[in-house]
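Everything below belongs to query.cif, which stores mmCIF, C-alpha atoms.
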```
data_work
loop_
_atom_site.label_atom_id
_atom_site.label_comp_id
_atom_site.auth_asym_id
_atom_site.auth_seq_id
_atom_site.Cartn_x
_atom_site.Cartn_y
_atom_site.Cartn_z
CA MET Z 1 2.46 36.66 8.28
CA ALA Z 2 4.83 39.28 9.57
CA VAL Z 3 6.37 38.75 12.99
CA ASP Z 4 7.54 42.01 14.54
CA ALA Z 5 9.89 42.67 17.45
CA LEU Z 6 7.13 42.45 20.10
CA ASP Z 7 5.85 39.16 18.63
CA THR Z 8 9.42 37.85 18.76
CA ARG Z 9 9.78 38.83 22.41
CA ILE Z 10 6.43 37.21 23.25
CA LEU Z 11 7.35 34.00 21.40
CA ARG Z 12 10.71 33.90 23.20
CA LEU Z 13 8.92 34.09 26.56
CA LEU Z 14 6.40 31.42 25.52
CA ILE Z 15 9.28 29.11 24.55
CA GLU Z 16 11.57 29.85 27.50
CA GLN Z 17 8.92 30.28 30.22
CA PRO Z 18 5.85 28.33 29.06
CA ARG Z 19 4.20 28.15 32.48
CA THR Z 20 4.25 31.89 33.11
CA SER Z 21 0.97 33.84 33.09
CA VAL Z 22 0.05 36.41 30.47
CA ARG Z 23 0.04 39.01 33.25
CA GLU Z 24 3.67 38.15 34.08
CA TYR Z 25 4.64 38.24 30.39
CA ALA Z 26 3.12 41.73 30.19
CA ARG Z 27 5.09 42.84 33.26
CA ILE Z 28 8.35 41.48 31.85
CA LEU Z 29 7.73 43.11 28.46
CA GLY Z 30 6.46 46.39 29.89
CA VAL Z 31 3.23 46.33 27.87
CA ALA Z 32 -0.44 45.96 28.75
CA ARG Z 33 -1.77 42.49 29.52
CA GLY Z 34 -4.47 42.99 26.87
CA THR Z 35 -1.80 43.72 24.26
CA VAL Z 36 0.05 40.51 25.07
CA GLN Z 37 -3.15 38.46 25.04
CA ALA Z 38 -4.26 39.99 21.74
CA ARG Z 39 -0.87 39.21 20.18
CA ILE Z 40 -0.96 35.60 21.45
CA ASP Z 41 -4.53 35.21 20.14
CA ARG Z 42 -3.46 36.53 16.70
CA LEU Z 43 -0.39 34.27 16.62
CA GLU Z 44 -2.65 31.29 17.38
CA ARG Z 45 -5.28 32.35 14.83
CA ASP Z 46 -2.59 32.82 12.15
CA GLY Z 47 -1.15 29.37 12.85
CA VAL Z 48 2.20 30.59 14.21
CA ILE Z 49 1.45 29.03 17.60
CA THR Z 50 0.14 25.55 16.83
CA ALA Z 51 0.08 23.91 20.24
CA THR Z 52 0.45 24.50 23.92
CA GLY Z 53 1.29 21.80 26.38
CA PRO Z 54 4.17 19.65 27.48
CA VAL Z 55 6.77 18.28 25.10
CA LEU Z 56 7.18 14.60 25.91
CA SER Z 57 10.34 12.51 25.69
CA PRO Z 58 9.84 9.15 23.96
CA ALA Z 59 13.07 7.93 25.62
CA ALA Z 60 11.71 8.76 29.09
CA LEU Z 61 8.53 6.91 28.12
CA GLY Z 62 10.59 3.77 27.45
CA HIS Z 63 11.19 4.27 23.71
CA PRO Z 64 14.83 5.39 23.38
CA VAL Z 65 15.35 4.14 19.80
CA LEU Z 66 14.60 6.72 17.10
CA ALA Z 67 14.46 5.78 13.45
CA PHE Z 68 13.41 7.44 10.23
CA VAL Z 69 11.57 5.03 7.98
CA HIS Z 70 11.09 5.90 4.31
CA VAL Z 71 7.98 4.22 2.93
CA GLU Z 72 7.46 3.63 -0.78
CA VAL Z 73 3.77 3.42 -1.68
CA THR Z 74 1.92 1.96 -4.65
CA GLN Z 75 0.64 4.79 -6.83
CA GLY Z 76 -2.82 5.92 -5.84
CA HIS Z 77 -2.61 4.54 -2.28
CA LEU Z 78 -0.90 7.40 -0.47
CA ASP Z 79 -3.97 8.48 1.50
CA GLU Z 80 -4.85 4.95 2.62
CA VAL Z 81 -1.29 4.24 3.72
CA GLY Z 82 -1.14 7.59 5.51
CA ASP Z 83 -4.34 6.73 7.37
CA ALA Z 84 -2.94 3.30 8.29
CA LEU Z 85 0.28 4.88 9.60
CA ALA Z 86 -1.78 7.02 11.96
CA ALA Z 87 -2.95 3.80 13.64
CA VAL Z 88 0.62 2.79 14.57
CA PRO Z 89 1.39 4.37 17.98
CA GLU Z 90 5.17 4.19 17.50
CA ILE Z 91 4.94 6.51 14.49
CA VAL Z 92 5.16 9.96 16.01
CA GLU Z 93 5.30 11.89 12.70
CA ALA Z 94 4.80 11.17 9.01
CA PHE Z 95 5.34 13.40 5.99
CA SER Z 96 4.74 13.09 2.26
CA ILE Z 97 8.10 13.68 0.59
CA THR Z 98 9.87 13.91 -2.73
CA GLY Z 99 12.95 11.89 -3.57
CA GLY Z 100 13.60 8.38 -2.31
CA GLY Z 101 10.20 7.20 -1.18
CA ASP Z 102 6.76 8.67 -0.78
CA LEU Z 103 6.49 9.03 2.99
CA LEU Z 104 9.01 9.73 5.72
CA THR Z 105 8.07 8.56 9.20
CA ARG Z 106 9.66 9.22 12.54
CA VAL Z 107 9.42 6.03 14.56
CA VAL Z 108 10.26 5.39 18.21
CA ALA Z 109 10.85 1.96 19.73
CA ARG Z 110 11.87 0.26 22.97
CA ASP Z 111 14.82 -1.53 21.36
CA ALA Z 112 16.06 -2.89 18.01
CA GLY Z 113 13.73 -5.88 18.16
CA HIS Z 114 10.73 -3.67 18.77
CA LEU Z 115 11.79 -1.44 15.87
CA GLU Z 116 11.94 -4.52 13.62
CA ASP Z 117 8.40 -5.47 14.74
CA VAL Z 118 7.14 -1.97 13.85
CA ILE Z 119 8.83 -2.10 10.44
CA GLN Z 120 7.35 -5.55 9.77
CA ARG Z 121 3.93 -4.11 10.63
CA LEU Z 122 4.51 -1.32 8.09
CA ILE Z 123 5.58 -3.75 5.38
CA GLN Z 124 2.30 -5.66 5.85
CA LEU Z 125 0.15 -2.56 5.17
CA PRO Z 126 -1.77 -2.71 1.87
CA GLY Z 127 -0.15 -0.31 -0.58
CA VAL Z 128 3.34 -0.38 0.98
CA VAL Z 129 5.91 -1.51 -1.58
CA ARG Z 130 9.06 -1.29 0.54
CA THR Z 131 10.67 0.57 3.43
CA ARG Z 132 14.15 1.89 4.12
CA THR Z 133 15.19 2.60 7.70
CA GLU Z 134 17.81 4.91 9.16
CA ILE Z 135 18.47 4.77 12.90
CA ALA Z 136 19.38 8.01 14.67
CA LEU Z 137 22.51 7.65 16.78
CA ARG Z 138 22.50 10.95 18.66
CA GLU Z 139 20.55 14.18 18.49
CA ARG Z 140 22.88 16.96 17.34
CA VAL Z 141 20.40 19.84 17.19
CA ALA Z 142 17.24 19.54 19.26
CA HIS Z 143 13.96 20.68 17.74
CA ARG Z 144 13.99 24.44 18.03
CA MET Z 145 12.16 27.45 16.68
CA LEU Z 146 13.63 30.37 18.60
CA PRO Z 147 16.56 31.06 16.21
CA LEU Z 148 14.12 31.20 13.28
CA VAL Z 149 11.72 33.46 15.17
CA GLU Z 150 14.53 35.77 16.21
CA SER Z 151 15.86 36.01 12.64
CA MET Z 152 12.38 37.02 11.47
CA GLY Z 153 12.01 39.53 14.29
CA ARG Z 154 15.13 41.35 13.11
CA GLY Z 155 13.20 42.58 10.12
CA GLY Z 156 14.51 40.01 7.68
CA GLU Z 157 17.99 41.44 7.24
CA GLN Z 158 19.26 37.88 6.80
CA ARG Z 159 16.61 36.81 4.29
CA GLY Z 160 17.55 36.81 0.63
CA GLY Z 161 21.21 37.68 1.10
CA ALA Z 162 22.87 40.87 2.30
CA ARG Z 163 20.80 44.00 2.57
#
```

Could I get this file's structure written as structure tokens?
Amino acid sequence: MAVDALDTRILRLLIEQPRTSVREYARILGVARGTVQARIDRLERDGVITATGPVLSPAALGHPVLAFVHVEVTQGHLDEVGDALAAVPEIVEAFSITGGGDLLTRVVARDAGHLEDVIQRLIQLPGVVRTRTEIALRERVAHRMLPLVESMGRGGEQRGGAR
């Protein structure tokens, strides 16, 4: 879907000022409240906006250890293992991948011992062949979307090389 300059400005406000009302967004942007609401509704309907709500910190919730666990799965068992991963609360994300392994999980833990317990739980799952774990030392670039949105809002001059 195309994201134009107004969509980009709306998305920037939603990211930077998430608790602001649609009426205030409209005032800031100098457009009608109905226009802003219609744009937000379209962005939600088109899947650009996928969630609203607070972003939680696992570290502040007592889980400061972050690890990426690659999971190799017996052929034909990917769905069952994926379903089983969803039952492990310390797994905050899981993706099917290519390359070294079949699934990549993002795991949070209280400490190294807790991480080992989570990994041992994964190894016990039917269909799991082996795991490989990488522990994150420090976040270098926080999850972000605004630079991508802004690059799209510039009309794509940076897509596909020089134009």

When you count only C-alpha atoms, which of these residues is closest to Ala94 of chain Z: Z:Val69, Z:Leu137, Z:Leu6, Z:Leu146?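 Under the stated criterion, the closest residue is Z:Val69.
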
Residue members of the PyMOL selection byres ((chain Z and resi 102-111) around 6) in the file shown, as a PyMOL selection string: chain Z and resi 62-72+90-97+101+112-115

Considering only C-alpha atoms, can you say which of Z:Asp117, Z:Ser151, Z:Val73, Z:Arg144 comes closest to Thr131 of chain Z?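 Closest residue, counting only C-alpha atoms: Z:Val73.
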
Could you give me the centre and size, in Å to one decimal, of an axis-aligned box around all listed atoms of segment 93-106 of chain Z with 5 Å added on every side, as JSON?
```
{"center_x": 9.2, "center_y": 10.6, "center_z": 4.6, "size_x": 18.9, "size_y": 16.7, "size_z": 26.3}
```

Would you kindly translate the PyMOL selection byres ((chain Z and resi 78-86) around 8) into the concrete residues it picks from this file, as a ChimeraX atom specification? /Z:73-77,87-89,91,94,102,122,125-128

Using only C-alpha atoms, tabulate the residues of segment 47-163 of chain Z lying at most 12 Å from any atom of segment 19-36 of chain Z, each with its closest atom pair and that distance in Å to one decimal, by chain and increasing residue number, as a tab-separated table.
```
residue	atom	partner	partner_atom	distance
Z:Thr52	CA	Z:Arg19	CA	10.0
Z:Gly53	CA	Z:Arg19	CA	9.3
Z:Pro54	CA	Z:Arg19	CA	9.9
```

Next, write the just-selected residues to a file, as a PDB file, keeping the file's coordinate frame, keeping C-alpha atoms as the atom set.
```pdb
ATOM      1  CA  THR Z  52       0.450  24.500  23.920  1.00  0.00           C
ATOM      2  CA  GLY Z  53       1.290  21.800  26.380  1.00  0.00           C
ATOM      3  CA  PRO Z  54       4.170  19.650  27.480  1.00  0.00           C
TER       4      PRO Z  54
END
```

Atom CA of Pro18 of chain Z to atom CA of Arg140 of chain Z measures 23.6 Å

Could you check how far atom CA of Glu150 of chain Z sits from atom CA of Thr8 of chain Z, in Å to one decimal? 6.1 Å

Find the distance between atom CA of Ile10 of chain Z and atom CA of Pro58 of chain Z and write it in Å to one decimal. 28.3 Å

Reconstructed all heavy atoms for segment 23-34 of chain Z, given as a PDB file, in the coordinates of the input:
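Done, and the output landed in selection-v2.pdb:
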```
ATOM      1  N   ARG Z  23      -0.203  37.809  32.423  1.00  0.00           N
ATOM      2  CA  ARG Z  23       0.040  39.010  33.250  1.00  0.00           C
ATOM      3  C   ARG Z  23       1.534  39.182  33.509  1.00  0.00           C
ATOM      4  O   ARG Z  23       2.067  40.282  33.425  1.00  0.00           O
ATOM      5  CB  ARG Z  23      -0.717  38.891  34.566  1.00  0.00           C
ATOM      6  CG  ARG Z  23      -0.515  40.088  35.487  1.00  0.00           C
ATOM      7  CD  ARG Z  23      -1.400  39.972  36.670  1.00  0.00           C
ATOM      8  NE  ARG Z  23      -2.756  39.909  36.111  1.00  0.00           N
ATOM      9  CZ  ARG Z  23      -3.840  40.291  36.741  1.00  0.00           C
ATOM     10  NH1 ARG Z  23      -3.764  40.738  37.956  1.00  0.00           N
ATOM     11  NH2 ARG Z  23      -5.021  40.218  36.173  1.00  0.00           N
ATOM     12  N   GLU Z  24       2.232  38.082  33.813  1.00  0.00           N
ATOM     13  CA  GLU Z  24       3.670  38.150  34.080  1.00  0.00           C
ATOM     14  C   GLU Z  24       4.442  38.467  32.797  1.00  0.00           C
ATOM     15  O   GLU Z  24       5.399  39.232  32.816  1.00  0.00           O
ATOM     16  CB  GLU Z  24       4.173  36.851  34.709  1.00  0.00           C
ATOM     17  CG  GLU Z  24       5.654  36.842  35.046  1.00  0.00           C
ATOM     18  CD  GLU Z  24       6.076  37.911  36.060  1.00  0.00           C
ATOM     19  OE1 GLU Z  24       5.212  38.529  36.719  1.00  0.00           O
ATOM     20  OE2 GLU Z  24       7.298  38.131  36.200  1.00  0.00           O
ATOM     21  N   TYR Z  25       4.005  37.891  31.672  1.00  0.00           N
ATOM     22  CA  TYR Z  25       4.640  38.240  30.390  1.00  0.00           C
ATOM     23  C   TYR Z  25       4.531  39.740  30.147  1.00  0.00           C
ATOM     24  O   TYR Z  25       5.485  40.398  29.743  1.00  0.00           O
ATOM     25  CB  TYR Z  25       3.974  37.503  29.227  1.00  0.00           C
ATOM     26  CG  TYR Z  25       4.192  36.012  29.159  1.00  0.00           C
ATOM     27  CD1 TYR Z  25       3.203  35.186  28.620  1.00  0.00           C
ATOM     28  CD2 TYR Z  25       5.367  35.411  29.595  1.00  0.00           C
ATOM     29  CE1 TYR Z  25       3.379  33.818  28.532  1.00  0.00           C
ATOM     30  CE2 TYR Z  25       5.546  34.039  29.505  1.00  0.00           C
ATOM     31  CZ  TYR Z  25       4.548  33.244  28.970  1.00  0.00           C
ATOM     32  OH  TYR Z  25       4.728  31.902  28.875  1.00  0.00           O
ATOM     33  N   ALA Z  26       3.344  40.288  30.403  1.00  0.00           N
ATOM     34  CA  ALA Z  26       3.120  41.730  30.190  1.00  0.00           C
ATOM     35  C   ALA Z  26       4.043  42.554  31.084  1.00  0.00           C
ATOM     36  O   ALA Z  26       4.632  43.548  30.640  1.00  0.00           O
ATOM     37  CB  ALA Z  26       1.659  42.072  30.455  1.00  0.00           C
ATOM     38  N   ARG Z  27       4.201  42.119  32.351  1.00  0.00           N
ATOM     39  CA  ARG Z  27       5.090  42.840  33.260  1.00  0.00           C
ATOM     40  C   ARG Z  27       6.523  42.799  32.754  1.00  0.00           C
ATOM     41  O   ARG Z  27       7.204  43.820  32.704  1.00  0.00           O
ATOM     42  CB  ARG Z  27       5.008  42.244  34.668  1.00  0.00           C
ATOM     43  CG  ARG Z  27       5.780  43.062  35.718  1.00  0.00           C
ATOM     44  CD  ARG Z  27       5.993  42.315  37.007  1.00  0.00           C
ATOM     45  NE  ARG Z  27       6.854  41.142  36.878  1.00  0.00           N
ATOM     46  CZ  ARG Z  27       8.175  41.189  36.674  1.00  0.00           C
ATOM     47  NH1 ARG Z  27       8.794  42.340  36.560  1.00  0.00           N
ATOM     48  NH2 ARG Z  27       8.876  40.075  36.572  1.00  0.00           N
ATOM     49  N   ILE Z  28       6.975  41.635  32.343  1.00  0.00           N
ATOM     50  CA  ILE Z  28       8.350  41.480  31.850  1.00  0.00           C
ATOM     51  C   ILE Z  28       8.574  42.344  30.606  1.00  0.00           C
ATOM     52  O   ILE Z  28       9.618  42.989  30.462  1.00  0.00           O
ATOM     53  CB  ILE Z  28       8.645  39.994  31.526  1.00  0.00           C
ATOM     54  CG1 ILE Z  28       8.670  39.165  32.813  1.00  0.00           C
ATOM     55  CG2 ILE Z  28       9.947  39.836  30.752  1.00  0.00           C
ATOM     56  CD1 ILE Z  28       8.643  37.648  32.579  1.00  0.00           C
ATOM     57  N   LEU Z  29       7.595  42.378  29.723  1.00  0.00           N
ATOM     58  CA  LEU Z  29       7.730  43.110  28.460  1.00  0.00           C
ATOM     59  C   LEU Z  29       7.449  44.604  28.599  1.00  0.00           C
ATOM     60  O   LEU Z  29       7.777  45.381  27.711  1.00  0.00           O
ATOM     61  CB  LEU Z  29       6.773  42.518  27.417  1.00  0.00           C
ATOM     62  CG  LEU Z  29       7.065  41.079  26.996  1.00  0.00           C
ATOM     63  CD1 LEU Z  29       5.912  40.523  26.186  1.00  0.00           C
ATOM     64  CD2 LEU Z  29       8.365  41.007  26.216  1.00  0.00           C
ATOM     65  N   GLY Z  30       6.793  44.986  29.696  1.00  0.00           N
ATOM     66  CA  GLY Z  30       6.460  46.390  29.890  1.00  0.00           C
ATOM     67  C   GLY Z  30       5.338  46.866  28.993  1.00  0.00           C
ATOM     68  O   GLY Z  30       5.317  48.022  28.575  1.00  0.00           O
ATOM     69  N   VAL Z  31       4.395  45.970  28.683  1.00  0.00           N
ATOM     70  CA  VAL Z  31       3.230  46.330  27.870  1.00  0.00           C
ATOM     71  C   VAL Z  31       1.974  45.858  28.594  1.00  0.00           C
ATOM     72  O   VAL Z  31       2.035  45.088  29.543  1.00  0.00           O
ATOM     73  CB  VAL Z  31       3.300  45.728  26.450  1.00  0.00           C
ATOM     74  CG1 VAL Z  31       4.502  46.267  25.690  1.00  0.00           C
ATOM     75  CG2 VAL Z  31       3.325  44.219  26.484  1.00  0.00           C
ATOM     76  N   ALA Z  32       0.828  46.322  28.123  1.00  0.00           N
ATOM     77  CA  ALA Z  32      -0.440  45.960  28.750  1.00  0.00           C
ATOM     78  C   ALA Z  32      -0.740  44.474  28.567  1.00  0.00           C
ATOM     79  O   ALA Z  32      -0.424  43.881  27.531  1.00  0.00           O
ATOM     80  CB  ALA Z  32      -1.563  46.797  28.153  1.00  0.00           C
ATOM     81  N   ARG Z  33      -1.401  43.891  29.581  1.00  0.00           N
ATOM     82  CA  ARG Z  33      -1.770  42.490  29.520  1.00  0.00           C
ATOM     83  C   ARG Z  33      -2.658  42.226  28.312  1.00  0.00           C
ATOM     84  O   ARG Z  33      -2.515  41.224  27.618  1.00  0.00           O
ATOM     85  CB  ARG Z  33      -2.490  42.069  30.811  1.00  0.00           C
ATOM     86  CG  ARG Z  33      -2.729  40.553  30.867  1.00  0.00           C
ATOM     87  CD  ARG Z  33      -3.903  40.172  31.752  1.00  0.00           C
ATOM     88  NE  ARG Z  33      -5.168  40.700  31.298  1.00  0.00           N
ATOM     89  CZ  ARG Z  33      -5.884  40.208  30.271  1.00  0.00           C
ATOM     90  NH1 ARG Z  33      -5.447  39.202  29.583  1.00  0.00           N
ATOM     91  NH2 ARG Z  33      -7.024  40.749  29.945  1.00  0.00           N
ATOM     92  N   GLY Z  34      -3.579  43.133  28.025  1.00  0.00           N
ATOM     93  CA  GLY Z  34      -4.470  42.990  26.870  1.00  0.00           C
ATOM     94  C   GLY Z  34      -3.718  42.947  25.555  1.00  0.00           C
ATOM     95  O   GLY Z  34      -4.102  42.232  24.629  1.00  0.00           O
TER      96      GLY Z  34
END
```
